[in-house]
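Structure data follow from start-v8.txt (compact mmCIF, N, CA and C atoms):
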# COMPACT_ATOMS: atom_id res chain seq x y z
N MET A 1 2.74 -8.09 -23.96
CA MET A 1 2.75 -8.25 -22.52
C MET A 1 1.45 -7.70 -21.94
N ALA A 2 0.85 -8.44 -21.05
CA ALA A 2 -0.41 -8.04 -20.44
C ALA A 2 -0.19 -6.92 -19.42
N LYS A 3 -1.16 -6.06 -19.33
CA LYS A 3 -1.11 -4.99 -18.34
C LYS A 3 -1.42 -5.56 -16.96
N THR A 4 -0.79 -4.98 -15.95
CA THR A 4 -1.09 -5.33 -14.57
C THR A 4 -2.01 -4.25 -14.03
N ILE A 5 -3.14 -4.65 -13.47
CA ILE A 5 -4.09 -3.70 -12.91
C ILE A 5 -4.02 -3.81 -11.40
N LEU A 6 -3.81 -2.66 -10.74
CA LEU A 6 -3.75 -2.58 -9.29
C LEU A 6 -4.75 -1.54 -8.82
N TYR A 7 -5.27 -1.73 -7.61
CA TYR A 7 -6.31 -0.86 -7.06
C TYR A 7 -5.87 -0.22 -5.75
N HIS A 8 -6.45 0.95 -5.47
CA HIS A 8 -6.19 1.67 -4.22
C HIS A 8 -7.53 2.24 -3.73
N GLY A 9 -7.96 1.79 -2.55
CA GLY A 9 -9.19 2.30 -1.97
C GLY A 9 -8.90 3.54 -1.13
N SER A 10 -9.69 4.59 -1.30
CA SER A 10 -9.41 5.84 -0.60
C SER A 10 -10.68 6.68 -0.41
N TYR A 11 -10.55 7.68 0.44
CA TYR A 11 -11.62 8.65 0.63
C TYR A 11 -11.63 9.68 -0.51
N CYS A 12 -10.59 9.65 -1.36
CA CYS A 12 -10.48 10.65 -2.43
C CYS A 12 -10.01 9.99 -3.73
N ILE A 13 -10.18 10.72 -4.82
CA ILE A 13 -9.66 10.27 -6.11
C ILE A 13 -8.17 10.56 -6.14
N VAL A 14 -7.40 9.58 -6.56
CA VAL A 14 -5.94 9.74 -6.67
C VAL A 14 -5.57 9.57 -8.14
N GLN A 15 -5.14 10.65 -8.76
CA GLN A 15 -4.73 10.57 -10.15
C GLN A 15 -3.24 10.29 -10.27
N LYS A 16 -2.47 10.92 -9.37
CA LYS A 16 -1.02 10.72 -9.36
C LYS A 16 -0.58 10.62 -7.89
N PRO A 17 -0.13 9.45 -7.46
CA PRO A 17 0.28 9.29 -6.05
C PRO A 17 1.40 10.25 -5.66
N ASN A 18 1.29 10.78 -4.45
CA ASN A 18 2.30 11.69 -3.90
C ASN A 18 2.78 11.08 -2.58
N LEU A 19 3.98 10.51 -2.58
CA LEU A 19 4.49 9.83 -1.40
C LEU A 19 4.65 10.75 -0.19
N SER A 20 4.82 12.04 -0.42
CA SER A 20 4.98 12.96 0.71
C SER A 20 3.68 13.08 1.51
N LEU A 21 2.55 12.70 0.92
CA LEU A 21 1.27 12.74 1.61
C LEU A 21 0.94 11.42 2.31
N CYS A 22 1.78 10.41 2.11
CA CYS A 22 1.52 9.08 2.66
C CYS A 22 1.99 8.98 4.10
N ASN A 23 1.19 8.31 4.90
CA ASN A 23 1.49 8.10 6.32
C ASN A 23 2.72 7.21 6.47
N MET A 24 3.58 7.53 7.43
CA MET A 24 4.79 6.74 7.65
C MET A 24 4.54 5.52 8.53
N ASP A 25 3.42 5.47 9.22
CA ASP A 25 3.16 4.40 10.18
C ASP A 25 2.30 3.28 9.59
N LYS A 26 2.60 2.87 8.38
CA LYS A 26 1.86 1.78 7.75
C LYS A 26 2.62 0.47 7.93
N ASP A 27 1.97 -0.64 7.63
CA ASP A 27 2.57 -1.96 7.84
C ASP A 27 3.93 -2.13 7.18
N PHE A 28 4.12 -1.61 5.98
CA PHE A 28 5.39 -1.75 5.29
C PHE A 28 6.11 -0.40 5.19
N GLY A 29 5.78 0.53 6.06
CA GLY A 29 6.41 1.84 6.05
C GLY A 29 5.67 2.80 5.13
N GLN A 30 6.25 3.98 4.96
CA GLN A 30 5.62 5.01 4.13
C GLN A 30 5.56 4.54 2.68
N GLY A 31 4.41 4.70 2.08
CA GLY A 31 4.26 4.30 0.69
C GLY A 31 2.82 4.41 0.23
N PHE A 32 2.63 4.24 -1.03
CA PHE A 32 1.31 4.25 -1.65
C PHE A 32 0.94 2.80 -1.89
N TYR A 33 -0.04 2.31 -1.17
CA TYR A 33 -0.37 0.89 -1.16
C TYR A 33 -1.40 0.52 -2.22
N LEU A 34 -1.09 -0.53 -2.96
CA LEU A 34 -1.95 -1.02 -4.02
C LEU A 34 -2.21 -2.51 -3.81
N THR A 35 -3.27 -2.99 -4.41
CA THR A 35 -3.59 -4.41 -4.34
C THR A 35 -4.10 -4.89 -5.69
N THR A 36 -3.92 -6.17 -5.95
CA THR A 36 -4.49 -6.76 -7.17
C THR A 36 -5.97 -7.06 -6.98
N SER A 37 -6.43 -6.99 -5.75
CA SER A 37 -7.81 -7.36 -5.42
C SER A 37 -8.70 -6.12 -5.31
N ARG A 38 -9.64 -5.99 -6.23
CA ARG A 38 -10.60 -4.88 -6.16
C ARG A 38 -11.40 -4.95 -4.86
N SER A 39 -11.79 -6.15 -4.45
CA SER A 39 -12.60 -6.28 -3.23
C SER A 39 -11.80 -5.86 -1.99
N GLN A 40 -10.49 -6.13 -1.97
CA GLN A 40 -9.67 -5.67 -0.86
C GLN A 40 -9.61 -4.14 -0.84
N ALA A 41 -9.49 -3.53 -2.01
CA ALA A 41 -9.48 -2.06 -2.10
C ALA A 41 -10.83 -1.50 -1.63
N GLU A 42 -11.92 -2.16 -2.00
CA GLU A 42 -13.25 -1.72 -1.55
C GLU A 42 -13.36 -1.75 -0.04
N LYS A 43 -12.82 -2.80 0.58
CA LYS A 43 -12.87 -2.92 2.04
C LYS A 43 -12.04 -1.83 2.72
N PHE A 44 -10.97 -1.38 2.06
CA PHE A 44 -10.12 -0.37 2.66
C PHE A 44 -10.73 1.03 2.61
N VAL A 45 -11.70 1.25 1.75
CA VAL A 45 -12.31 2.58 1.62
C VAL A 45 -12.82 3.08 2.97
N SER A 46 -13.55 2.26 3.71
CA SER A 46 -14.11 2.71 4.99
C SER A 46 -13.00 3.06 5.98
N THR A 47 -11.92 2.30 5.97
CA THR A 47 -10.77 2.61 6.85
C THR A 47 -10.17 3.95 6.46
N SER A 48 -10.03 4.19 5.17
CA SER A 48 -9.48 5.45 4.68
C SER A 48 -10.36 6.63 5.08
N ILE A 49 -11.67 6.46 4.97
CA ILE A 49 -12.60 7.53 5.37
C ILE A 49 -12.47 7.82 6.86
N LYS A 50 -12.43 6.77 7.68
CA LYS A 50 -12.30 6.95 9.13
C LYS A 50 -11.01 7.69 9.48
N LYS A 51 -9.90 7.34 8.82
CA LYS A 51 -8.63 8.02 9.09
C LYS A 51 -8.68 9.48 8.64
N ALA A 52 -9.31 9.75 7.50
CA ALA A 52 -9.43 11.14 7.01
C ALA A 52 -10.29 11.97 7.95
N ILE A 53 -11.35 11.38 8.51
CA ILE A 53 -12.19 12.09 9.48
C ILE A 53 -11.40 12.36 10.75
N ALA A 54 -10.66 11.35 11.24
CA ALA A 54 -9.87 11.52 12.46
C ALA A 54 -8.80 12.60 12.31
N ARG A 55 -8.24 12.74 11.11
CA ARG A 55 -7.21 13.76 10.86
C ARG A 55 -7.82 15.10 10.45
N LYS A 56 -9.15 15.16 10.44
CA LYS A 56 -9.89 16.37 10.08
C LYS A 56 -9.61 16.83 8.65
N ILE A 57 -9.36 15.85 7.78
CA ILE A 57 -9.17 16.15 6.36
C ILE A 57 -10.53 16.32 5.70
N VAL A 58 -11.50 15.58 6.20
CA VAL A 58 -12.88 15.66 5.69
C VAL A 58 -13.80 15.83 6.90
N PRO A 59 -15.02 16.34 6.70
CA PRO A 59 -15.95 16.50 7.82
C PRO A 59 -16.41 15.16 8.38
N SER A 60 -16.87 15.15 9.61
CA SER A 60 -17.29 13.91 10.28
C SER A 60 -18.48 13.23 9.58
N SER A 61 -19.20 13.96 8.77
CA SER A 61 -20.34 13.39 8.04
C SER A 61 -19.93 12.77 6.69
N TYR A 62 -18.66 12.84 6.35
CA TYR A 62 -18.18 12.36 5.05
C TYR A 62 -18.39 10.86 4.91
N CYS A 63 -18.91 10.43 3.77
CA CYS A 63 -19.16 9.00 3.58
C CYS A 63 -18.93 8.54 2.14
N ARG A 64 -18.16 9.28 1.38
CA ARG A 64 -17.93 8.95 -0.02
C ARG A 64 -16.53 8.38 -0.21
N GLY A 65 -16.42 7.25 -0.90
CA GLY A 65 -15.12 6.64 -1.14
C GLY A 65 -14.91 6.31 -2.60
N PHE A 66 -13.68 5.97 -2.94
CA PHE A 66 -13.32 5.73 -4.33
C PHE A 66 -12.40 4.53 -4.45
N ILE A 67 -12.55 3.79 -5.53
CA ILE A 67 -11.61 2.74 -5.90
C ILE A 67 -10.80 3.30 -7.06
N ASN A 68 -9.53 3.57 -6.80
CA ASN A 68 -8.64 4.09 -7.83
C ASN A 68 -7.98 2.92 -8.55
N LYS A 69 -7.99 2.97 -9.87
CA LYS A 69 -7.45 1.89 -10.69
C LYS A 69 -6.21 2.37 -11.42
N PHE A 70 -5.14 1.59 -11.33
CA PHE A 70 -3.88 1.94 -11.98
C PHE A 70 -3.46 0.78 -12.88
N GLU A 71 -3.06 1.09 -14.11
CA GLU A 71 -2.60 0.08 -15.04
C GLU A 71 -1.11 0.26 -15.29
N PHE A 72 -0.39 -0.85 -15.23
CA PHE A 72 1.06 -0.83 -15.43
C PHE A 72 1.42 -1.77 -16.58
N ASP A 73 2.29 -1.30 -17.46
CA ASP A 73 2.74 -2.13 -18.57
C ASP A 73 3.84 -3.09 -18.15
N ASN A 74 4.68 -2.67 -17.22
CA ASN A 74 5.86 -3.47 -16.93
C ASN A 74 6.24 -3.34 -15.46
N ILE A 75 5.72 -4.23 -14.61
CA ILE A 75 6.09 -4.16 -13.19
C ILE A 75 7.35 -4.97 -12.91
N GLU A 76 7.89 -5.65 -13.93
CA GLU A 76 9.10 -6.44 -13.73
C GLU A 76 10.29 -5.57 -13.34
N ASN A 77 10.27 -4.27 -13.69
CA ASN A 77 11.37 -3.38 -13.36
C ASN A 77 11.33 -2.89 -11.92
N LEU A 78 10.24 -3.16 -11.20
CA LEU A 78 10.15 -2.78 -9.80
C LEU A 78 10.85 -3.83 -8.94
N SER A 79 11.38 -3.38 -7.83
CA SER A 79 11.94 -4.32 -6.87
C SER A 79 10.78 -4.83 -6.03
N CYS A 80 10.44 -6.09 -6.20
CA CYS A 80 9.23 -6.63 -5.57
C CYS A 80 9.52 -7.86 -4.71
N HIS A 81 8.74 -7.98 -3.69
CA HIS A 81 8.64 -9.25 -2.98
C HIS A 81 7.16 -9.55 -2.94
N ILE A 82 6.76 -10.58 -3.62
CA ILE A 82 5.34 -10.88 -3.75
C ILE A 82 4.96 -11.97 -2.75
N PHE A 83 3.98 -11.66 -1.92
CA PHE A 83 3.44 -12.62 -0.97
C PHE A 83 2.19 -13.22 -1.60
N GLN A 84 2.19 -14.51 -1.79
CA GLN A 84 1.03 -15.18 -2.37
C GLN A 84 -0.11 -15.27 -1.37
N ASN A 85 0.23 -15.34 -0.07
CA ASN A 85 -0.77 -15.48 0.99
C ASN A 85 -0.35 -14.66 2.21
N ALA A 86 -1.30 -14.35 3.05
CA ALA A 86 -1.00 -13.69 4.32
C ALA A 86 -0.63 -14.78 5.32
N ASP A 87 0.57 -15.35 5.13
CA ASP A 87 1.03 -16.47 5.95
C ASP A 87 2.07 -16.00 6.97
N ALA A 88 2.81 -16.93 7.57
CA ALA A 88 3.80 -16.59 8.59
C ALA A 88 4.90 -15.69 8.02
N SER A 89 5.30 -15.92 6.79
CA SER A 89 6.33 -15.09 6.16
C SER A 89 5.85 -13.65 6.00
N TRP A 90 4.61 -13.49 5.56
CA TRP A 90 4.02 -12.15 5.42
C TRP A 90 3.92 -11.47 6.79
N LEU A 91 3.47 -12.22 7.80
CA LEU A 91 3.34 -11.67 9.14
C LEU A 91 4.69 -11.23 9.70
N HIS A 92 5.74 -12.02 9.45
CA HIS A 92 7.09 -11.66 9.88
C HIS A 92 7.51 -10.32 9.26
N CYS A 93 7.22 -10.16 7.98
CA CYS A 93 7.59 -8.92 7.29
C CYS A 93 6.82 -7.73 7.85
N VAL A 94 5.52 -7.89 8.10
CA VAL A 94 4.72 -6.81 8.69
C VAL A 94 5.27 -6.44 10.06
N ALA A 95 5.52 -7.44 10.90
CA ALA A 95 6.03 -7.19 12.26
C ALA A 95 7.38 -6.49 12.21
N ALA A 96 8.25 -6.92 11.31
CA ALA A 96 9.57 -6.31 11.20
C ALA A 96 9.46 -4.85 10.77
N HIS A 97 8.59 -4.55 9.84
CA HIS A 97 8.42 -3.16 9.41
C HIS A 97 7.79 -2.31 10.51
N ARG A 98 6.91 -2.88 11.29
CA ARG A 98 6.30 -2.13 12.39
C ARG A 98 7.34 -1.78 13.45
N LYS A 99 8.42 -2.52 13.51
CA LYS A 99 9.50 -2.23 14.46
C LYS A 99 10.50 -1.26 13.85
N ARG A 100 10.08 -0.56 12.81
CA ARG A 100 10.87 0.48 12.14
C ARG A 100 12.22 0.01 11.64
N GLY A 101 12.20 -0.78 10.59
CA GLY A 101 13.42 -1.16 9.91
C GLY A 101 14.13 -2.37 10.49
N CYS A 102 13.51 -3.06 11.41
CA CYS A 102 14.13 -4.24 12.01
C CYS A 102 13.87 -5.43 11.10
N ILE A 103 14.53 -5.43 9.94
CA ILE A 103 14.29 -6.44 8.93
C ILE A 103 15.36 -7.52 9.05
N LYS A 104 14.94 -8.78 9.04
CA LYS A 104 15.88 -9.89 9.16
C LYS A 104 15.66 -10.90 8.05
N GLY A 105 16.68 -11.72 7.85
CA GLY A 105 16.56 -12.84 6.93
C GLY A 105 16.35 -12.43 5.49
N GLU A 106 15.41 -13.08 4.82
CA GLU A 106 15.22 -12.91 3.39
C GLU A 106 14.80 -11.50 3.00
N PHE A 107 14.35 -10.68 3.94
CA PHE A 107 13.86 -9.35 3.60
C PHE A 107 14.96 -8.29 3.60
N GLU A 108 16.16 -8.63 4.06
CA GLU A 108 17.24 -7.65 4.06
C GLU A 108 17.56 -7.18 2.65
N LYS A 109 17.40 -8.06 1.67
CA LYS A 109 17.73 -7.69 0.30
C LYS A 109 16.83 -6.58 -0.24
N THR A 110 15.63 -6.40 0.32
CA THR A 110 14.75 -5.33 -0.15
C THR A 110 14.92 -4.06 0.68
N ASN A 111 15.56 -4.15 1.82
CA ASN A 111 15.64 -3.00 2.72
C ASN A 111 16.46 -1.85 2.16
N GLY A 112 17.49 -2.14 1.37
CA GLY A 112 18.34 -1.08 0.84
C GLY A 112 17.79 -0.38 -0.37
N VAL A 113 16.69 -0.84 -0.91
CA VAL A 113 16.11 -0.24 -2.11
C VAL A 113 15.39 1.04 -1.73
N SER A 114 15.56 2.08 -2.53
CA SER A 114 14.89 3.35 -2.27
C SER A 114 13.40 3.13 -2.15
N LYS A 115 12.77 3.86 -1.23
CA LYS A 115 11.34 3.67 -0.98
C LYS A 115 10.51 3.87 -2.24
N HIS A 116 10.88 4.81 -3.07
CA HIS A 116 10.06 5.06 -4.25
C HIS A 116 10.20 3.97 -5.31
N LYS A 117 11.15 3.06 -5.15
CA LYS A 117 11.30 1.95 -6.09
C LYS A 117 10.87 0.63 -5.50
N ARG A 118 10.56 0.61 -4.22
CA ARG A 118 10.19 -0.64 -3.56
C ARG A 118 8.70 -0.91 -3.75
N ALA A 119 8.38 -2.15 -4.01
CA ALA A 119 6.98 -2.54 -4.10
C ALA A 119 6.82 -3.84 -3.34
N LEU A 120 5.98 -3.85 -2.35
CA LEU A 120 5.66 -5.05 -1.62
C LEU A 120 4.20 -5.36 -1.89
N ILE A 121 3.95 -6.49 -2.46
CA ILE A 121 2.58 -6.83 -2.84
C ILE A 121 2.11 -8.01 -2.01
N ALA A 122 1.01 -7.83 -1.30
CA ALA A 122 0.47 -8.93 -0.50
C ALA A 122 -0.65 -9.59 -1.25
Have the structure of the file written as structure tokens, please.
Amino acid sequence: MAKTILYHGSYCIVQKPNLSLCNMDKDFGQGFYLTTSRSQAEKFVSTSIKKAIARKIVPSSYCRGFINKFEFDNIENLSCHIFQNADASWLHCVAAHRKRGCIKGEFEKTNGVSKHKRALIA
């Protein structure tokens, strides 16, 4: 079985994700966000740096970012809803999560899954 490689762009190196440090006001709720796209992770680095500066986690002169790479042997055991594109279905899911749990239709089946087992991949 092929390994799945996922990336996380950040202002810091992340060796082991800690969900308690993750912001609750993200598009899909509190979680550690990963992408299959290295370029998408690279684009997120500057956003991560800006947020870390705003929260005074790093000094205002901070300009160093990192692409964290994670390899998984078996993502089939995760509860996933995979969005192939950022289309109307994806937008509906983002909007529903931004309304704090107002999930309707096909996404109700993922709502009851514990946050640490849920994976939403865009």
Worksheet item: What does the distance between CA of Ile13 (chain A) and CA of Ile75 (chain A) come to in Å, to one decimal place?
Response: 22.5 Å
Polymer residues at most 8 Å from (-8.9, -3.8, -4.7) by only C-alpha atoms, as a PDB file with N, CA and C atoms, in the frame of the given file:
ATOM      1  N   LEU A   6      -3.810  -2.660 -10.740  1.00  0.00           N
ATOM      2  CA  LEU A   6      -3.750  -2.580  -9.290  1.00  0.00           C
ATOM      3  C   LEU A   6      -4.750  -1.540  -8.820  1.00  0.00           C
ATOM      4  N   TYR A   7      -5.270  -1.730  -7.610  1.00  0.00           N
ATOM      5  CA  TYR A   7      -6.310  -0.860  -7.060  1.00  0.00           C
ATOM      6  C   TYR A   7      -5.870  -0.220  -5.750  1.00  0.00           C
ATOM      7  N   HIS A   8      -6.450   0.950  -5.470  1.00  0.00           N
ATOM      8  CA  HIS A   8      -6.190   1.670  -4.220  1.00  0.00           C
ATOM      9  C   HIS A   8      -7.530   2.240  -3.730  1.00  0.00           C
ATOM     10  N   GLY A   9      -7.960   1.790  -2.550  1.00  0.00           N
ATOM     11  CA  GLY A   9      -9.190   2.300  -1.970  1.00  0.00           C
ATOM     12  C   GLY A   9      -8.900   3.540  -1.130  1.00  0.00           C
ATOM     13  N   LEU A  34      -1.090  -0.530  -2.960  1.00  0.00           N
ATOM     14  CA  LEU A  34      -1.950  -1.020  -4.020  1.00  0.00           C
ATOM     15  C   LEU A  34      -2.210  -2.510  -3.810  1.00  0.00           C
ATOM     16  N   THR A  35      -3.270  -2.990  -4.410  1.00  0.00           N
ATOM     17  CA  THR A  35      -3.590  -4.410  -4.340  1.00  0.00           C
ATOM     18  C   THR A  35      -4.100  -4.890  -5.690  1.00  0.00           C
ATOM     19  N   THR A  36      -3.920  -6.170  -5.950  1.00  0.00           N
ATOM     20  CA  THR A  36      -4.490  -6.760  -7.170  1.00  0.00           C
ATOM     21  C   THR A  36      -5.970  -7.060  -6.980  1.00  0.00           C
ATOM     22  N   SER A  37      -6.430  -6.990  -5.750  1.00  0.00           N
ATOM     23  CA  SER A  37      -7.810  -7.360  -5.420  1.00  0.00           C
ATOM     24  C   SER A  37      -8.700  -6.120  -5.310  1.00  0.00           C
ATOM     25  N   ARG A  38      -9.640  -5.990  -6.230  1.00  0.00           N
ATOM     26  CA  ARG A  38     -10.600  -4.880  -6.160  1.00  0.00           C
ATOM     27  C   ARG A  38     -11.400  -4.950  -4.860  1.00  0.00           C
ATOM     28  N   SER A  39     -11.790  -6.150  -4.450  1.00  0.00           N
ATOM     29  CA  SER A  39     -12.600  -6.280  -3.230  1.00  0.00           C
ATOM     30  C   SER A  39     -11.800  -5.860  -1.990  1.00  0.00           C
ATOM     31  N   GLN A  40     -10.490  -6.130  -1.970  1.00  0.00           N
ATOM     32  CA  GLN A  40      -9.670  -5.670  -0.860  1.00  0.00           C
ATOM     33  C   GLN A  40      -9.610  -4.140  -0.840  1.00  0.00           C
ATOM     34  N   ALA A  41      -9.490  -3.530  -2.010  1.00  0.00           N
ATOM     35  CA  ALA A  41      -9.480  -2.060  -2.100  1.00  0.00           C
ATOM     36  C   ALA A  41     -10.830  -1.500  -1.630  1.00  0.00           C
ATOM     37  N   GLU A  42     -11.920  -2.160  -2.000  1.00  0.00           N
ATOM     38  CA  GLU A  42     -13.250  -1.720  -1.550  1.00  0.00           C
ATOM     39  C   GLU A  42     -13.360  -1.750  -0.040  1.00  0.00           C
ATOM     40  N   LYS A  43     -12.820  -2.800   0.580  1.00  0.00           N
ATOM     41  CA  LYS A  43     -12.870  -2.920   2.040  1.00  0.00           C
ATOM     42  C   LYS A  43     -12.040  -1.830   2.720  1.00  0.00           C
ATOM     43  N   ILE A  67     -12.550   3.790  -5.530  1.00  0.00           N
ATOM     44  CA  ILE A  67     -11.610   2.740  -5.900  1.00  0.00           C
ATOM     45  C   ILE A  67     -10.800   3.300  -7.060  1.00  0.00           C
TER      46      ILE A  67
END
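Reported to one decimal place, the separation of CA of Val45 (chain A) from atom N of Asp73 (chain A) is 24.3 Å.
Distances to Phe66 (chain A) were evaluated for A:Ile82, A:Met24, A:Trp90, A:Ser46 using only C-alpha atoms, and the minimum falls at A:Ser46.
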Residues within 6.5 Å of Ile49 (chain A), only N, CA and C atoms, excluding chain neighbours under 5 positions, as a JSON list (two decimals) with N, CA and C atoms, in the coordinates of the input:
[["chain", "number", "residue", "atom", "x", "y", "z"],
["A", 10, "SER", "N", -9.69, 4.59, -1.30],
["A", 10, "SER", "CA", -9.41, 5.84, -0.60],
["A", 10, "SER", "C", -10.68, 6.68, -0.41],
["A", 11, "TYR", "N", -10.55, 7.68, 0.44],
["A", 11, "TYR", "CA", -11.62, 8.65, 0.63],
["A", 11, "TYR", "C", -11.63, 9.68, -0.51],
["A", 44, "PHE", "N", -10.97, -1.38, 2.06],
["A", 44, "PHE", "CA", -10.12, -0.37, 2.66],
["A", 44, "PHE", "C", -10.73, 1.03, 2.61],
["A", 54, "ALA", "N", -10.66, 11.35, 11.24],
["A", 54, "ALA", "CA", -9.87, 11.52, 12.46],
["A", 54, "ALA", "C", -8.80, 12.60, 12.31]]
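Pairwise distance (CA of Lys50 (chain A), CA of Gly65 (chain A)) equals 10.7 Å.
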Assuming 6 Å of padding per side, give the centre and edge lengths of the axis-aligned box around every listed atom of region 84-103 of chain A, in Å to one decimal and as lines of an AutoDock Vina configuration file.
center_x = 7.0
center_y = -8.2
center_z = 6.0
size_x = 28.7
size_y = 29.4
size_z = 28.8
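Using only C-alpha atoms, the smallest distance between any of A:Arg55, A:Lys69, A:Arg64, A:Lys26 and Ala95 (chain A) comes from A:Lys26.
Take the candidates A:Asn74, A:Gln84, A:Asn23, A:Asn18 and check each one against Lys51 (chain A) using only C-alpha atoms; the shortest distance goes to A:Asn23.
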